[in-house]
Amino acid sequence: PLTKYGEDLYSAPRRKTRTVSCGPINFGSDHPIVRQTMATTDTANVDASIDQIMRCADKGFDLVRITVQGRREANAAAKIREGLFKKGYDIPLCADMHFQPVVAQLVADAVEKIRINPGNFADGRKDFEEKVYESEVDYVKEREYLVEAMLPLVQKCKDLNRCMRIGTNHGSLSSRVLSYYGDTPRGMVESAIEFADICRSQDYHNFVFSMKASNPLVMVQSYRLLASEMYRLGWDYPLHLGV
């Protein structure tokens, strides 16, 4: 059953969290809520992306997410970051990554924040093959390939003081998670927790969580369950809320 997921359900004070840094801004309960938006330009179009990000900054946004599908966009991200600095804009950038652990390491050299999706960061594209696990031990054994894919990025983010968002999507849970937990809020949370465990194993704590679903009820339940799990574990990481 769902246990405590907030400090007070009637007055709704902010849950006490650690501070997570992202370039010139900070996330966490001791700081104002960070306002993030996303660029709608083709990231490879450097000039158009710089122009749109500057307009977002001028409107008061604190952080802008850009999509990085591959090496071409990673190289463009470096040029966008450099171009913004030259124009006097230090608004941090978040690279949205899918399927590309090596490219994520490359783009971490350029931008302040990396968003990874646990459902496809290491698993690649879903094969929809149903896996059968006789026990939790069998399920946990398969984490080894996640660790192998994730550790280099964690180390780079730690070395460069980059921020990370561990962002689970309801619509892109891995085949492994779907086979064990089903298409459920619990699967979303456990998917994020095991990636956080890898970060914590390297004493890297500069990350936030997010849970996204097209169904608001699923999303609300996932965030409540994640918050409840953090209370149980004694964790204090901030949450990113995207609707």
# chains A, B, ... in the order shown; residues from 1 in each chain; ligands from 1
>>> residues_around(residues="region 12-22 of chain A", least_positions_apart="2", cutoff="12 Å", atoms="only C-alpha atoms", output="CSV table (one decimal) with all heavy atoms, in the first residue's frame")
chain,number,residue,atom,x,y,z
A,4,LYS,N,3.4,7.3,3.2
A,4,LYS,CA,3.7,8.7,3.2
A,4,LYS,C,4.3,9.2,1.8
A,4,LYS,O,5.3,8.6,1.4
A,4,LYS,CB,4.6,9.1,4.3
A,4,LYS,CG,5.0,10.6,4.4
A,4,LYS,CD,5.9,10.8,5.6
A,4,LYS,CE,6.3,12.3,5.6
A,4,LYS,NZ,7.2,12.6,6.7
A,5,TYR,N,3.7,10.2,1.2
A,5,TYR,CA,4.3,10.7,0.0
A,5,TYR,C,4.4,12.2,0.0
A,5,TYR,O,4.8,12.9,-1.0
A,5,TYR,CB,3.6,10.2,-1.3
A,5,TYR,CG,2.1,10.6,-1.3
A,5,TYR,CD1,1.7,11.8,-1.7
A,5,TYR,CD2,1.2,9.7,-0.9
A,5,TYR,CE1,0.3,12.1,-1.8
A,5,TYR,CE2,-0.2,10.0,-0.9
A,5,TYR,CZ,-0.6,11.2,-1.4
A,5,TYR,OH,-2.0,11.5,-1.4
A,6,GLY,N,4.1,12.9,1.1
A,6,GLY,CA,4.2,14.3,1.3
A,6,GLY,C,4.3,14.7,2.8
A,6,GLY,O,4.0,13.9,3.6
A,7,GLU,N,4.8,15.9,3.0
A,7,GLU,CA,5.0,16.3,4.4
A,7,GLU,C,3.6,16.5,5.1
A,7,GLU,O,3.4,16.2,6.2
A,7,GLU,CB,5.8,17.6,4.5
A,7,GLU,CG,7.2,17.4,4.1
A,7,GLU,CD,8.0,16.5,5.1
A,7,GLU,OE1,7.8,16.6,6.3
A,7,GLU,OE2,8.7,15.5,4.6
A,8,ASP,N,2.7,17.1,4.3
A,8,ASP,CA,1.3,17.3,4.8
A,8,ASP,C,0.4,17.4,3.7
A,8,ASP,O,0.5,18.3,2.8
A,8,ASP,CB,1.3,18.7,5.6
A,8,ASP,CG,0.0,18.9,6.3
A,8,ASP,OD1,-1.0,18.6,5.8
A,8,ASP,OD2,0.0,19.5,7.4
A,9,LEU,N,-0.6,16.6,3.6
A,9,LEU,CA,-1.5,16.5,2.5
A,9,LEU,C,-2.5,17.7,2.5
A,9,LEU,O,-3.3,17.8,1.5
A,9,LEU,CB,-2.2,15.2,2.4
A,9,LEU,CG,-1.3,13.9,2.3
A,9,LEU,CD1,-2.2,12.7,2.2
A,9,LEU,CD2,-0.4,14.1,1.2
A,10,TYR,N,-2.6,18.4,3.5
A,10,TYR,CA,-3.6,19.5,3.6
A,10,TYR,C,-3.0,20.9,3.4
A,10,TYR,O,-3.6,21.7,2.7
A,10,TYR,CB,-4.3,19.4,5.0
A,10,TYR,CG,-5.1,18.2,5.2
A,10,TYR,CD1,-4.5,17.1,5.9
A,10,TYR,CD2,-6.3,18.0,4.7
A,10,TYR,CE1,-5.1,15.9,6.0
A,10,TYR,CE2,-7.0,16.8,4.8
A,10,TYR,CZ,-6.4,15.7,5.5
A,10,TYR,OH,-7.1,14.6,5.6
A,24,PRO,N,24.3,27.7,-13.6
A,24,PRO,CA,24.1,28.8,-12.7
A,24,PRO,C,22.8,28.7,-11.9
A,24,PRO,O,22.5,29.6,-11.0
A,24,PRO,CB,24.0,30.0,-13.6
A,24,PRO,CG,23.4,29.5,-14.9
A,24,PRO,CD,24.0,28.1,-15.0
A,25,ILE,N,22.0,27.6,-12.0
A,25,ILE,CA,20.8,27.5,-11.3
A,25,ILE,C,20.8,26.3,-10.4
A,25,ILE,O,21.7,25.4,-10.5
A,25,ILE,CB,19.6,27.3,-12.2
A,25,ILE,CG1,19.6,26.1,-13.1
A,25,ILE,CG2,19.4,28.6,-13.1
A,25,ILE,CD1,18.4,25.8,-13.9
A,26,ASN,N,19.9,26.3,-9.4
A,26,ASN,CA,19.8,25.2,-8.4
A,26,ASN,C,18.4,24.6,-8.3
A,26,ASN,O,17.4,25.4,-8.4
A,26,ASN,CB,20.3,25.6,-7.1
A,26,ASN,CG,21.7,26.0,-7.0
A,26,ASN,OD1,22.6,25.2,-7.4
A,26,ASN,ND2,22.1,27.2,-6.5
A,27,PHE,N,18.3,23.3,-8.2
A,27,PHE,CA,17.0,22.7,-7.9
A,27,PHE,C,16.9,22.3,-6.5
A,27,PHE,O,18.0,22.1,-5.8
A,27,PHE,CB,16.9,21.4,-8.7
A,27,PHE,CG,17.0,21.5,-10.2
A,27,PHE,CD1,18.2,21.2,-10.9
A,27,PHE,CD2,15.9,21.9,-11.0
A,27,PHE,CE1,18.3,21.3,-12.2
A,27,PHE,CE2,15.9,22.0,-12.3
A,27,PHE,CZ,17.2,21.7,-13.0
A,28,GLY,N,15.7,22.3,-5.9
A,28,GLY,CA,15.6,21.8,-4.6
A,28,GLY,C,14.7,22.7,-3.7
A,28,GLY,O,14.4,23.8,-4.1
A,29,SER,N,14.4,22.2,-2.5
A,29,SER,CA,13.4,22.9,-1.7
A,29,SER,C,13.9,24.2,-1.1
A,29,SER,O,13.1,25.0,-0.7
A,29,SER,CB,12.9,21.9,-0.6
A,29,SER,OG,14.1,21.5,0.2
A,30,ASP,N,15.2,24.4,-1.1
A,30,ASP,CA,15.8,25.7,-0.6
A,30,ASP,C,15.8,26.7,-1.7
A,30,ASP,O,16.4,27.8,-1.5
A,30,ASP,CB,17.2,25.5,-0.1
A,30,ASP,CG,17.1,24.6,1.2
A,30,ASP,OD1,16.1,24.6,1.9
A,30,ASP,OD2,18.2,24.0,1.5
A,31,HIS,N,15.3,26.4,-2.9
A,31,HIS,CA,15.4,27.4,-4.1
A,31,HIS,C,14.1,27.5,-4.7
A,31,HIS,O,13.2,26.7,-4.6
A,31,HIS,CB,16.5,26.8,-5.0
A,31,HIS,CG,17.8,26.4,-4.4
A,31,HIS,ND1,18.7,27.4,-4.1
A,31,HIS,CD2,18.2,25.2,-4.0
A,31,HIS,CE1,19.8,26.8,-3.5
A,31,HIS,NE2,19.5,25.5,-3.4
A,32,PRO,N,13.9,28.6,-5.5
A,32,PRO,CA,12.7,28.8,-6.3
A,32,PRO,C,12.5,27.6,-7.3
A,32,PRO,O,13.5,27.0,-7.7
A,32,PRO,CB,12.9,30.1,-7.0
A,32,PRO,CG,13.9,30.8,-6.2
A,32,PRO,CD,14.8,29.8,-5.6
A,33,ILE,N,11.3,27.3,-7.6
A,33,ILE,CA,11.0,26.3,-8.6
A,33,ILE,C,11.6,26.7,-9.9
A,33,ILE,O,11.4,27.9,-10.4
A,33,ILE,CB,9.5,26.1,-8.7
A,33,ILE,CG1,8.9,25.4,-7.4
A,33,ILE,CG2,9.1,25.2,-9.9
A,33,ILE,CD1,7.4,25.3,-7.4
A,34,VAL,N,12.3,25.8,-10.6
A,34,VAL,CA,12.9,26.1,-11.9
A,34,VAL,C,11.9,26.0,-13.0
A,34,VAL,O,11.2,25.0,-13.1
A,34,VAL,CB,14.1,25.2,-12.1
A,34,VAL,CG1,14.7,25.4,-13.5
A,34,VAL,CG2,15.2,25.4,-11.0
A,36,GLN,N,11.4,25.3,-16.7
A,36,GLN,CA,12.0,24.7,-17.9
A,36,GLN,C,11.1,24.7,-19.1
A,36,GLN,O,9.9,24.4,-18.9
A,36,GLN,CB,12.5,23.3,-17.6
A,36,GLN,CG,13.2,22.6,-18.9
A,36,GLN,CD,13.7,21.2,-18.5
A,36,GLN,OE1,14.4,21.0,-17.5
A,36,GLN,NE2,13.4,20.3,-19.4
A,62,ASP,N,14.3,29.4,-17.1
A,62,ASP,CA,15.6,29.2,-16.4
A,62,ASP,C,16.4,28.1,-17.1
A,62,ASP,O,17.6,28.1,-16.9
A,62,ASP,CB,15.3,28.8,-15.0
A,62,ASP,CG,14.5,29.7,-14.2
A,62,ASP,OD1,14.8,30.9,-14.1
A,62,ASP,OD2,13.4,29.3,-13.7
A,63,LEU,N,15.8,27.3,-17.9
A,63,LEU,CA,16.5,26.1,-18.5
A,63,LEU,C,15.7,25.7,-19.8
A,63,LEU,O,14.5,25.8,-19.8
A,63,LEU,CB,16.4,25.0,-17.5
A,63,LEU,CG,16.9,23.6,-17.8
A,63,LEU,CD1,18.4,23.7,-18.0
A,63,LEU,CD2,16.6,22.6,-16.7
A,64,VAL,N,16.5,25.3,-20.8
A,64,VAL,CA,15.9,24.9,-22.0
A,64,VAL,C,16.4,23.5,-22.4
A,64,VAL,O,17.6,23.2,-22.4
A,64,VAL,CB,16.2,25.9,-23.2
A,64,VAL,CG1,15.6,25.4,-24.5
A,64,VAL,CG2,15.6,27.3,-22.9
A,90,ASP,N,23.8,32.7,-20.3
A,90,ASP,CA,24.3,31.6,-19.6
A,90,ASP,C,23.2,30.6,-19.2
A,90,ASP,O,23.4,29.7,-18.4
A,90,ASP,CB,25.1,32.0,-18.4
A,90,ASP,CG,24.2,32.7,-17.3
A,90,ASP,OD1,23.1,33.0,-17.6
A,90,ASP,OD2,24.8,33.0,-16.2
A,91,ILE,N,22.0,30.7,-19.8
A,91,ILE,CA,20.9,29.8,-19.5
A,91,ILE,C,21.4,28.4,-19.8
A,91,ILE,O,21.9,28.1,-20.8
A,91,ILE,CB,19.7,30.2,-20.3
A,91,ILE,CG1,18.5,29.3,-19.9
A,91,ILE,CG2,19.9,30.1,-21.8
A,91,ILE,CD1,17.1,29.7,-20.5
A,92,PRO,N,21.2,27.5,-18.8
A,92,PRO,CA,21.7,26.1,-19.0
A,92,PRO,C,20.8,25.4,-20.0
A,92,PRO,O,19.7,25.6,-20.2
A,92,PRO,CB,21.6,25.5,-17.6
A,92,PRO,CG,20.7,26.4,-16.8
A,92,PRO,CD,20.7,27.7,-17.4
A,93,LEU,N,21.5,24.4,-20.6
A,93,LEU,CA,20.8,23.5,-21.6
A,93,LEU,C,20.7,22.1,-21.1
A,93,LEU,O,21.6,21.6,-20.4
A,93,LEU,CB,21.6,23.5,-22.9
A,93,LEU,CG,21.8,24.9,-23.6
A,93,LEU,CD1,22.6,24.7,-24.9
A,93,LEU,CD2,20.5,25.5,-23.9
A,94,CYS,N,19.6,21.4,-21.4
A,94,CYS,CA,19.4,20.0,-21.1
A,94,CYS,C,19.3,19.2,-22.4
A,94,CYS,O,18.5,19.5,-23.2
A,94,CYS,CB,18.2,19.8,-20.2
A,94,CYS,SG,17.7,18.1,-19.9
A,111,VAL,N,26.9,20.5,-22.5
A,111,VAL,CA,25.7,21.1,-21.8
A,111,VAL,C,25.7,20.8,-20.3
A,111,VAL,O,26.4,19.9,-19.9
A,111,VAL,CB,24.4,20.6,-22.5
A,111,VAL,CG1,24.4,20.9,-24.0
A,111,VAL,CG2,24.2,19.1,-22.3
A,112,GLU,N,24.8,21.5,-19.6
A,112,GLU,CA,24.8,21.4,-18.1
A,112,GLU,C,24.0,20.3,-17.6
A,112,GLU,O,24.2,19.9,-16.4
A,112,GLU,CB,24.3,22.7,-17.6
A,112,GLU,CG,25.2,23.9,-17.8
A,112,GLU,CD,25.1,24.6,-19.2
A,112,GLU,OE1,24.2,24.1,-20.0
A,112,GLU,OE2,25.9,25.5,-19.4
A,113,LYS,N,23.1,19.7,-18.4
A,113,LYS,CA,22.2,18.7,-17.9
A,113,LYS,C,21.9,17.6,-19.0
A,113,LYS,O,21.8,18.0,-20.1
A,113,LYS,CB,20.9,19.3,-17.4
A,113,LYS,CG,19.9,18.4,-16.8
A,113,LYS,CD,18.6,19.2,-16.4
A,113,LYS,CE,17.6,18.3,-15.7
A,113,LYS,NZ,16.3,19.1,-15.5
A,114,ILE,N,21.9,16.4,-18.5
A,114,ILE,CA,21.6,15.3,-19.4
A,114,ILE,C,20.3,14.6,-18.9
A,114,ILE,O,20.2,14.2,-17.8
A,114,ILE,CB,22.7,14.2,-19.5
A,114,ILE,CG1,24.1,14.9,-19.7
A,114,ILE,CG2,22.4,13.1,-20.5
A,114,ILE,CD1,24.2,15.5,-21.1
A,157,CYS,N,29.7,12.9,-15.7
A,157,CYS,CA,28.8,13.9,-15.1
A,157,CYS,C,29.4,14.3,-13.7
A,157,CYS,O,29.4,15.5,-13.3
A,157,CYS,CB,27.4,13.4,-14.9
A,157,CYS,SG,26.5,13.3,-16.5
A,158,LYS,N,29.9,13.4,-13.0
A,158,LYS,CA,30.5,13.6,-11.7
A,158,LYS,C,31.7,14.5,-11.9
A,158,LYS,O,31.9,15.5,-11.1
A,158,LYS,CB,30.8,12.3,-11.0
A,158,LYS,CG,31.4,12.6,-9.6
A,158,LYS,CD,31.7,11.2,-8.9
A,158,LYS,CE,32.3,11.4,-7.5
A,158,LYS,NZ,32.5,10.1,-6.8
A,160,LEU,N,32.6,16.5,-14.3
A,160,LEU,CA,32.3,17.8,-14.9
A,160,LEU,C,31.2,18.6,-14.1
A,160,LEU,O,30.9,19.7,-14.5
A,160,LEU,CB,31.9,17.7,-16.3
A,160,LEU,CG,32.9,17.1,-17.3
A,160,LEU,CD1,32.3,17.0,-18.7
A,160,LEU,CD2,34.1,17.9,-17.4
A,161,ASN,N,30.7,18.0,-13.0
A,161,ASN,CA,29.7,18.6,-12.2
A,161,ASN,C,28.4,18.9,-13.1
A,161,ASN,O,27.8,19.9,-13.0
A,161,ASN,CB,30.1,19.9,-11.5
A,161,ASN,CG,29.1,20.3,-10.4
A,161,ASN,OD1,28.5,19.4,-9.8
A,161,ASN,ND2,29.0,21.6,-10.2
A,162,ARG,N,28.1,17.9,-13.9
A,162,ARG,CA,26.9,18.0,-14.7
A,162,ARG,C,25.7,17.5,-13.9
A,162,ARG,O,25.8,16.7,-13.0
A,162,ARG,CB,27.0,17.2,-16.0
A,162,ARG,CG,28.1,17.6,-16.9
A,162,ARG,CD,28.1,19.1,-17.3
A,162,ARG,NE,28.9,19.4,-18.4
A,162,ARG,CZ,29.5,20.6,-18.6
A,162,ARG,NH1,29.3,21.6,-17.8
A,162,ARG,NH2,30.2,20.8,-19.7
A,163,CYS,N,24.5,18.0,-14.3
A,163,CYS,CA,23.3,17.5,-13.7
A,163,CYS,C,22.7,16.4,-14.6
A,163,CYS,O,22.9,16.4,-15.8
A,163,CYS,CB,22.3,18.7,-13.6
A,163,CYS,SG,20.7,18.3,-13.0
A,164,MET,N,21.9,15.5,-14.0
A,164,MET,CA,21.2,14.5,-14.7
A,164,MET,C,19.8,14.4,-14.3
A,164,MET,O,19.4,14.6,-13.1
A,164,MET,CB,21.9,13.1,-14.5
A,164,MET,CG,21.3,12.0,-15.3
A,164,MET,SD,22.0,10.4,-14.9
A,164,MET,CE,23.7,10.6,-15.3
A,165,ARG,N,18.9,14.2,-15.3
A,165,ARG,CA,17.5,13.9,-15.0
A,165,ARG,C,17.2,12.4,-15.4
A,165,ARG,O,17.4,12.1,-16.5
A,165,ARG,CB,16.5,14.8,-15.7
A,165,ARG,CG,15.0,14.3,-15.5
A,165,ARG,CD,14.1,15.4,-15.8
A,165,ARG,NE,14.1,16.0,-17.1
A,165,ARG,CZ,13.2,15.6,-18.1
A,165,ARG,NH1,12.4,14.6,-17.9
A,165,ARG,NH2,13.3,16.2,-19.3
A,204,TYR,N,27.6,9.8,-6.8
A,204,TYR,CA,27.1,10.9,-7.7
A,204,TYR,C,25.7,11.1,-7.3
A,204,TYR,O,24.9,10.2,-7.4
A,204,TYR,CB,27.3,10.5,-9.1
A,204,TYR,CG,26.6,11.5,-10.1
A,204,TYR,CD1,27.1,12.7,-10.3
A,204,TYR,CD2,25.4,11.1,-10.8
A,204,TYR,CE1,26.5,13.6,-11.1
A,204,TYR,CE2,24.8,12.0,-11.6
A,204,TYR,CZ,25.3,13.2,-11.8
A,204,TYR,OH,24.7,14.1,-12.7
A,205,HIS,N,25.4,12.3,-6.9
A,205,HIS,CA,24.0,12.6,-6.4
A,205,HIS,C,23.4,13.9,-7.0
A,205,HIS,O,22.4,14.3,-6.6
A,205,HIS,CB,24.1,12.9,-4.8
A,205,HIS,CG,24.6,11.7,-4.1
A,205,HIS,ND1,23.9,10.6,-3.7
A,205,HIS,CD2,25.9,11.4,-3.6
A,205,HIS,CE1,24.6,9.8,-3.1
A,205,HIS,NE2,25.8,10.2,-3.0
A,206,ASN,N,24.1,14.4,-8.1
A,206,ASN,CA,23.6,15.6,-8.7
A,206,ASN,C,22.5,15.3,-9.8
A,206,ASN,O,22.7,15.6,-11.0
A,206,ASN,CB,24.7,16.4,-9.3
A,206,ASN,CG,24.4,17.8,-9.5
A,206,ASN,OD1,23.9,18.5,-8.7
A,206,ASN,ND2,24.8,18.4,-10.7
A,207,PHE,N,21.4,14.7,-9.3
A,207,PHE,CA,20.4,14.3,-10.3
A,207,PHE,C,19.0,14.5,-9.7
A,207,PHE,O,18.8,14.6,-8.5
A,207,PHE,CB,20.5,12.8,-10.7
A,207,PHE,CG,20.4,11.8,-9.6
A,207,PHE,CD1,19.2,11.3,-9.2
A,207,PHE,CD2,21.6,11.3,-8.9
A,207,PHE,CE1,19.1,10.3,-8.2
A,207,PHE,CE2,21.5,10.4,-7.9
A,207,PHE,CZ,20.2,9.9,-7.6
A,208,VAL,N,18.0,14.6,-10.6
A,208,VAL,CA,16.6,14.7,-10.3
A,208,VAL,C,15.8,13.6,-11.0
A,208,VAL,O,16.4,12.9,-11.9
A,208,VAL,CB,16.0,16.1,-10.7
A,208,VAL,CG1,16.8,17.2,-10.0
A,208,VAL,CG2,16.0,16.2,-12.2
A,209,PHE,N,14.6,13.4,-10.5
A,209,PHE,CA,13.7,12.3,-11.1
A,209,PHE,C,12.6,13.0,-11.8
A,209,PHE,O,12.1,14.1,-11.5
A,209,PHE,CB,13.1,11.4,-10.0
A,209,PHE,CG,14.1,10.5,-9.4
A,209,PHE,CD1,14.4,10.6,-8.1
A,209,PHE,CD2,14.5,9.4,-10.1
A,209,PHE,CE1,15.2,9.7,-7.4
A,209,PHE,CE2,15.4,8.5,-9.5
A,209,PHE,CZ,15.7,8.6,-8.1
A,224,ARG,N,3.5,9.9,-6.7
A,224,ARG,CA,3.3,9.6,-5.3
A,224,ARG,C,4.1,8.4,-4.8
A,224,ARG,O,4.7,8.4,-3.7
A,224,ARG,CB,1.8,9.4,-5.1
A,224,ARG,CG,0.9,10.7,-5.1
A,224,ARG,CD,-0.5,10.3,-5.0
A,224,ARG,NE,-1.4,11.5,-4.9
A,224,ARG,CZ,-2.7,11.6,-4.9
A,224,ARG,NH1,-3.4,10.4,-4.9
A,224,ARG,NH2,-3.3,12.7,-4.8
A,227,ALA,N,7.8,9.4,-4.5
A,227,ALA,CA,8.0,10.1,-3.3
A,227,ALA,C,8.0,9.2,-2.1
A,227,ALA,O,8.8,9.4,-1.2
A,227,ALA,CB,7.0,11.3,-3.2
A,228,SER,N,7.0,8.3,-2.1
A,228,SER,CA,6.9,7.4,-1.0
A,228,SER,C,8.1,6.5,-0.8
A,228,SER,O,8.6,6.3,0.3
A,228,SER,CB,5.6,6.5,-1.2
A,228,SER,OG,5.5,5.6,-0.1
A,230,MET,N,11.1,7.3,-1.8
A,230,MET,CA,12.2,8.1,-1.3
A,230,MET,C,12.2,8.3,0.2
A,230,MET,O,13.2,8.3,0.9
A,230,MET,CB,12.3,9.4,-2.1
A,230,MET,CG,12.9,9.3,-3.5
A,230,MET,SD,13.6,10.8,-4.1
A,230,MET,CE,12.1,11.6,-4.8
A,231,TYR,N,10.9,8.5,0.7
A,231,TYR,CA,10.8,8.6,2.2
A,231,TYR,C,11.3,7.3,2.8
A,231,TYR,O,12.0,7.3,3.8
A,231,TYR,CB,9.4,8.8,2.6
A,231,TYR,CG,8.9,10.3,2.5
A,231,TYR,CD1,7.9,10.7,1.6
A,231,TYR,CD2,9.5,11.2,3.4
A,231,TYR,CE1,7.5,12.1,1.6
A,231,TYR,CE2,9.1,12.6,3.3
A,231,TYR,CZ,8.1,13.0,2.4
A,231,TYR,OH,7.8,14.3,2.4
A,234,GLY,N,15.0,7.0,2.6
A,234,GLY,CA,15.8,8.1,3.2
A,234,GLY,C,16.5,9.0,2.1
A,234,GLY,O,17.5,9.6,2.4
A,235,TRP,N,16.0,9.0,0.9
A,235,TRP,CA,16.5,9.8,-0.2
A,235,TRP,C,15.9,11.2,-0.2
A,235,TRP,O,14.7,11.3,0.2
A,235,TRP,CB,16.3,9.1,-1.5
A,235,TRP,CG,17.1,7.8,-1.7
A,235,TRP,CD1,17.9,7.2,-0.8
A,235,TRP,CD2,17.1,7.0,-2.9
A,235,TRP,NE1,18.4,6.1,-1.3
A,235,TRP,CE2,18.0,6.0,-2.6
A,235,TRP,CE3,16.6,7.2,-4.2
A,235,TRP,CZ2,18.3,5.0,-3.6
A,235,TRP,CZ3,16.9,6.2,-5.1
A,235,TRP,CH2,17.7,5.1,-4.8
A,236,ASP,N,16.6,12.1,-0.8
A,236,ASP,CA,16.0,13.5,-0.8
A,236,ASP,C,16.3,14.2,-2.1
A,236,ASP,O,16.6,15.4,-2.2
A,236,ASP,CB,16.7,14.3,0.3
A,236,ASP,CG,18.2,14.4,0.3
A,236,ASP,OD1,18.8,13.7,-0.6
A,236,ASP,OD2,18.8,15.1,1.1
A,237,TYR,N,16.1,13.5,-3.2
A,237,TYR,CA,16.3,14.1,-4.6
A,237,TYR,C,15.1,14.9,-5.0
A,237,TYR,O,14.0,14.5,-4.8
A,237,TYR,CB,16.7,13.0,-5.6
A,237,TYR,CG,17.9,12.2,-5.1
A,237,TYR,CD1,17.8,10.9,-4.6
A,237,TYR,CD2,19.2,12.7,-5.3
A,237,TYR,CE1,18.9,10.2,-4.2
A,237,TYR,CE2,20.3,12.0,-4.9
A,237,TYR,CZ,20.2,10.8,-4.3
A,237,TYR,OH,21.3,10.1,-3.9
A,238,PRO,N,15.3,16.0,-5.7
A,238,PRO,CA,14.2,16.8,-6.2
A,238,PRO,C,13.5,16.1,-7.3
A,238,PRO,O,14.0,15.2,-8.0
A,238,PRO,CB,14.9,18.1,-6.7
A,238,PRO,CG,16.2,18.1,-6.1
A,238,PRO,CD,16.6,16.7,-5.9
A,239,LEU,N,12.3,16.5,-7.6
A,239,LEU,CA,11.4,16.0,-8.6
A,239,LEU,C,11.3,17.1,-9.7
A,239,LEU,O,11.0,18.3,-9.5
A,239,LEU,CB,10.1,15.6,-8.1
A,239,LEU,CG,10.0,14.5,-7.1
A,239,LEU,CD1,8.6,14.2,-6.6
A,239,LEU,CD2,10.6,13.2,-7.7
A,240,HIS,N,11.3,16.6,-11.0
A,240,HIS,CA,11.0,17.5,-12.1
A,240,HIS,C,9.6,17.1,-12.5
A,240,HIS,O,9.3,15.9,-12.7
A,240,HIS,CB,12.0,17.1,-13.3
A,240,HIS,CG,11.5,17.6,-14.6
A,240,HIS,ND1,12.1,18.6,-15.3
A,240,HIS,CD2,10.6,17.1,-15.5
A,240,HIS,CE1,11.5,18.8,-16.5
A,240,HIS,NE2,10.6,17.9,-16.6
>>> closest_residue(among="A:Tyr133, A:Phe195, A:Phe99, A:Tyr180", to="Thr168 (chain A)", atoms="only C-alpha atoms")
A:Phe195
>>> select_by_dssp(residues="region 109-230 of chain A", states="strand (DSSP E)", output="ChimeraX atom specification")
/A:113-116,163-169,207-212
>>> write_last_selection(atoms="C-alpha atoms", output="CSV table (one decimal), in the first residue's frame")
chain,number,residue,atom,x,y,z
A,113,LYS,CA,22.2,18.7,-17.9
A,114,ILE,CA,21.6,15.3,-19.4
A,115,ARG,CA,18.2,13.7,-19.5
A,116,ILE,CA,18.2,9.9,-19.8
A,163,CYS,CA,23.3,17.5,-13.7
A,164,MET,CA,21.2,14.5,-14.7
A,165,ARG,CA,17.5,13.9,-15.0
A,166,ILE,CA,16.4,10.2,-14.7
A,167,GLY,CA,13.2,10.6,-16.5
A,168,THR,CA,10.9,7.5,-16.9
A,169,ASN,CA,8.2,7.5,-19.6
A,207,PHE,CA,20.4,14.3,-10.3
A,208,VAL,CA,16.6,14.7,-10.3
A,209,PHE,CA,13.7,12.3,-11.1
A,210,SER,CA,10.7,12.7,-13.4
A,211,MET,CA,7.7,10.4,-14.1
A,212,LYS,CA,5.8,11.1,-17.3
>>> residues_around(residues="Met188 (chain A)", least_positions_apart="5", cutoff="10 Å", atoms="only C-alpha atoms", output="PyMOL selection string")
chain A and resi 118-119+167-174+177-178+181-183+193+210-213+218-219+222-223+225-226
>>> write_last_selection(atoms="C-alpha atoms", output="PDB file, in the first residue's frame")
ATOM      1  CA  PRO A 118      15.721   4.377 -18.231  1.00  0.00           C
ATOM      2  CA  GLY A 119      13.406   2.576 -20.642  1.00  0.00           C
ATOM      3  CA  GLY A 167      13.173  10.560 -16.541  1.00  0.00           C
ATOM      4  CA  THR A 168      10.913   7.533 -16.865  1.00  0.00           C
ATOM      5  CA  ASN A 169       8.244   7.500 -19.567  1.00  0.00           C
ATOM      6  CA  HIS A 170       5.176   5.319 -19.133  1.00  0.00           C
ATOM      7  CA  GLY A 171       5.071   4.677 -22.871  1.00  0.00           C
ATOM      8  CA  SER A 172       8.663   3.485 -23.179  1.00  0.00           C
ATOM      9  CA  LEU A 173       9.349   1.089 -20.342  1.00  0.00           C
ATOM     10  CA  SER A 174      11.916  -1.545 -21.264  1.00  0.00           C
ATOM     11  CA  VAL A 177      10.624  -3.992 -16.765  1.00  0.00           C
ATOM     12  CA  LEU A 178       7.363  -4.685 -18.599  1.00  0.00           C
ATOM     13  CA  TYR A 181       6.273  -5.295 -13.283  1.00  0.00           C
ATOM     14  CA  GLY A 182       3.870  -4.833 -16.164  1.00  0.00           C
ATOM     15  CA  ASP A 183       2.784  -1.499 -17.589  1.00  0.00           C
ATOM     16  CA  ILE A 193      15.351   3.639  -8.818  1.00  0.00           C
ATOM     17  CA  SER A 210      10.724  12.650 -13.393  1.00  0.00           C
ATOM     18  CA  MET A 211       7.733  10.405 -14.148  1.00  0.00           C
ATOM     19  CA  LYS A 212       5.789  11.095 -17.343  1.00  0.00           C
ATOM     20  CA  ALA A 213       2.594   9.550 -18.670  1.00  0.00           C
ATOM     21  CA  VAL A 218      -0.902   7.152 -13.962  1.00  0.00           C
ATOM     22  CA  MET A 219       1.452  10.109 -13.696  1.00  0.00           C
ATOM     23  CA  SER A 222       3.809   7.318 -10.187  1.00  0.00           C
ATOM     24  CA  TYR A 223       4.999  10.537  -8.547  1.00  0.00           C
ATOM     25  CA  LEU A 225       4.832   6.187  -5.335  1.00  0.00           C
ATOM     26  CA  LEU A 226       8.273   7.610  -6.135  1.00  0.00           C
TER      27      LEU A 226
END
>>> residues_around(residues="Ala110 (chain A)", least_positions_apart="3", cutoff="12 Å", atoms="only C-alpha atoms", output="ChimeraX atom specification")
/A:23,68,73-85,92-95,103-107,113-114,156-157,160-162
>>> residues_around(residues="Asp138 (chain A)", least_positions_apart="6", cutoff="12 Å", atoms="only C-alpha atoms", output="list in words")
Lys131, Val132, Glu144, Arg176 and Tyr180 of chain A
>>> atom_distance(atom1="CA of Ser175 (chain A)", atom2="CA of Asn120 (chain A)")
9.4 Å
>>> select_by_dssp(residues="chain A", states="helix (DSSP H, G or I)", output="PyMOL selection string")
chain A and resi 46-58+71-86+101-107+136-141+144-160+170-172+175-181+185-201+216-233
>>> atom_distance(atom1="CA of Thr67 (chain A)", atom2="CA of Arg143 (chain A)")
26.7 Å
